[in-house]
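For reference, work.pdb (PDB, C-alpha atoms):
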ATOM      1  CA  MET A 657     -18.630 -14.829 -25.138
ATOM      2  CA  PRO A 658     -15.822 -14.745 -22.510
ATOM      3  CA  PRO A 659     -16.860 -14.430 -18.894
ATOM      4  CA  THR A 660     -16.641 -11.006 -17.337
ATOM      5  CA  PRO A 661     -13.790 -10.547 -14.880
ATOM      6  CA  SER A 662     -14.841 -10.667 -11.272
ATOM      7  CA  ALA A 663     -14.685  -7.628  -9.063
ATOM      8  CA  PRO A 664     -11.574  -7.291  -6.867
ATOM      9  CA  SER A 665     -13.625  -8.016  -3.756
ATOM     10  CA  GLU A 666     -14.730 -11.361  -5.244
ATOM     11  CA  LYS A 667     -11.203 -12.534  -6.065
ATOM     12  CA  GLY A 668     -10.195 -13.085  -2.465
ATOM     13  CA  ARG A 669      -6.873 -12.622  -0.772
ATOM     14  CA  TRP A 670      -3.484 -13.159  -2.319
ATOM     15  CA  THR A 671      -1.863 -16.526  -1.754
ATOM     16  CA  SER A 672       1.771 -17.195  -0.962
ATOM     17  CA  VAL A 673       2.376 -17.848  -4.673
ATOM     18  CA  HIS A 674       1.259 -14.318  -5.548
ATOM     19  CA  TYR A 675       3.627 -12.816  -2.993
ATOM     20  CA  SER A 676       6.474 -15.079  -4.185
ATOM     21  CA  LEU A 677       6.010 -13.930  -7.765
ATOM     22  CA  LEU A 678       5.862 -10.299  -6.651
ATOM     23  CA  ALA A 679       9.086 -10.746  -4.653
ATOM     24  CA  PHE A 680      10.804 -12.374  -7.632
ATOM     25  CA  GLY A 681       9.699  -9.582  -9.961
ATOM     26  CA  LEU A 682      10.791  -6.775  -7.628
ATOM     27  CA  ASN A 683      14.177  -8.364  -6.952
ATOM     28  CA  ALA A 684      14.708  -9.013 -10.658
ATOM     29  CA  ALA A 685      13.798  -5.414 -11.474
ATOM     30  CA  ALA A 686      16.279  -4.144  -8.890
ATOM     31  CA  LEU A 687      19.051  -6.273 -10.370
ATOM     32  CA  ILE A 688      18.187  -5.102 -13.885
ATOM     33  CA  VAL A 689      18.417  -1.471 -12.733
ATOM     34  CA  LEU A 690      21.846  -2.088 -11.215
ATOM     35  CA  PHE A 691      23.050  -4.012 -14.266
ATOM     36  CA  ALA A 692      21.798  -1.285 -16.620
ATOM     37  CA  ASN A 693      23.615   1.265 -14.487
ATOM     38  CA  LEU A 694      26.863  -0.683 -14.843
ATOM     39  CA  LEU A 695      26.403  -1.022 -18.609
ATOM     40  CA  THR A 696      25.875   2.723 -19.023
ATOM     41  CA  GLY A 697      29.123   3.562 -17.290
ATOM     42  CA  ASN A 698      27.805   4.218 -13.783
ATOM     43  CA  THR A 699      26.651   7.708 -14.760
ATOM     44  CA  TRP A 700      23.305   7.681 -12.951
ATOM     45  CA  TRP A 701      24.215   5.732  -9.844
ATOM     46  CA  GLN A 702      22.723   8.375  -7.490
ATOM     47  CA  ILE A 703      19.302   7.449  -8.885
ATOM     48  CA  ALA A 704      19.909   3.749  -9.574
ATOM     49  CA  VAL A 705      21.038   2.780  -6.090
ATOM     50  CA  PRO A 706      17.959   4.104  -4.217
ATOM     51  CA  ILE A 707      15.643   2.584  -6.845
ATOM     52  CA  ALA A 708      17.403  -0.775  -6.525
ATOM     53  CA  LEU A 709      17.424  -0.630  -2.722
ATOM     54  CA  GLY A 710      13.709   0.178  -2.722
ATOM     55  CA  GLY A 711      13.014  -2.750  -5.037
ATOM     56  CA  LEU A 712      15.099  -5.100  -2.923
ATOM     57  CA  LEU A 713      13.427  -3.907   0.275
ATOM     58  CA  LEU A 714       9.924  -4.370  -1.151
ATOM     59  CA  GLY A 715      10.951  -7.729  -2.613
ATOM     60  CA  GLY A 716      12.243  -8.838   0.766
ATOM     61  CA  LEU A 717       9.039  -7.768   2.490
ATOM     62  CA  SER A 718       7.042  -9.643  -0.133
ATOM     63  CA  ALA A 719       9.153 -12.750   0.422
ATOM     64  CA  LEU A 720       8.583 -12.553   4.183
ATOM     65  CA  GLN A 721       4.836 -12.235   3.638
ATOM     66  CA  SER A 722       4.942 -15.194   1.272
ATOM     67  CA  ARG A 723       6.764 -17.299   3.841
ATOM     68  CA  ARG A 724       4.297 -16.294   6.564
ATOM     69  CA  LEU A 725       1.307 -17.171   4.386
ATOM     70  CA  ARG A 726       2.872 -20.441   3.236
ATOM     71  CA  SER A 727       3.296 -21.649   6.805
ATOM     72  CA  LYS A 728      -0.292 -20.619   7.563
ATOM     73  CA  GLU A 729      -1.524 -22.469   4.438
ATOM     74  CA  ARG A 730       0.343 -25.618   5.505
ATOM     75  CA  ARG A 731      -1.174 -25.512   8.974
ATOM     76  CA  ASN A 732      -4.670 -25.116   7.530
ATOM     77  CA  GLY A 733      -4.123 -27.731   4.825
ATOM     78  CA  LEU A 734      -4.775 -25.436   1.850
TER
END
For this file, produce the structure as structure tokens.
Amino acid sequence: MPPTPSAPSEKGRWTSVHYSLLAFGLNAAALIVLFANLLTGNTWWQIAVPIALGGLLLGGLSALQSRRLRSKERRNGL
């Protein structure tokens, strides 16, 4: 029988790898939105641009958090 998943409080904090993957996913999603907008003839750009900018902004914030945690992990030897 597979083990039961642990509760969110037992999993601990996110590491820099988690934030890096989140940043990559958000930035990739933003680029896919912009590329899909170009392929459809730029008809929904009023919606696509804010969605892409939001994804890029959140991806950038995630990348900064990842960098901050990575330097903290290196100092602590994790």
For this structure, which residues satisfy the selection - the PyMOL selection byres ((chain A and resi 719) around 9) - when it is evaluated on the file as given? I want them as an MDAnalysis selection string. chainID A and resid 672 675:680 714:718 720:724
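Distance check against Ala692 of chain A using only C-alpha atoms: of A:Gly733, A:Leu713, A:Val705, A:Thr671, the minimum falls on A:Val705.
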The PyMOL selection byres ((chain A and resi 690) around 12) resolved against shown file, as a compact mmCIF listing (two decimals) with C-alpha atoms, in the coordinates of the input:
# COMPACT_ATOMS: atom_id res chain seq x y z
CA ASN A 683 14.18 -8.36 -6.95
CA ALA A 684 14.71 -9.01 -10.66
CA ALA A 685 13.80 -5.41 -11.47
CA ALA A 686 16.28 -4.14 -8.89
CA LEU A 687 19.05 -6.27 -10.37
CA ILE A 688 18.19 -5.10 -13.88
CA VAL A 689 18.42 -1.47 -12.73
CA PHE A 691 23.05 -4.01 -14.27
CA ALA A 692 21.80 -1.28 -16.62
CA ASN A 693 23.62 1.26 -14.49
CA LEU A 694 26.86 -0.68 -14.84
CA LEU A 695 26.40 -1.02 -18.61
CA THR A 696 25.88 2.72 -19.02
CA GLY A 697 29.12 3.56 -17.29
CA ASN A 698 27.80 4.22 -13.78
CA THR A 699 26.65 7.71 -14.76
CA TRP A 700 23.30 7.68 -12.95
CA TRP A 701 24.22 5.73 -9.84
CA GLN A 702 22.72 8.38 -7.49
CA ILE A 703 19.30 7.45 -8.88
CA ALA A 704 19.91 3.75 -9.57
CA VAL A 705 21.04 2.78 -6.09
CA PRO A 706 17.96 4.10 -4.22
CA ILE A 707 15.64 2.58 -6.84
CA ALA A 708 17.40 -0.78 -6.52
CA LEU A 709 17.42 -0.63 -2.72
CA GLY A 710 13.71 0.18 -2.72
CA GLY A 711 13.01 -2.75 -5.04
CA LEU A 712 15.10 -5.10 -2.92
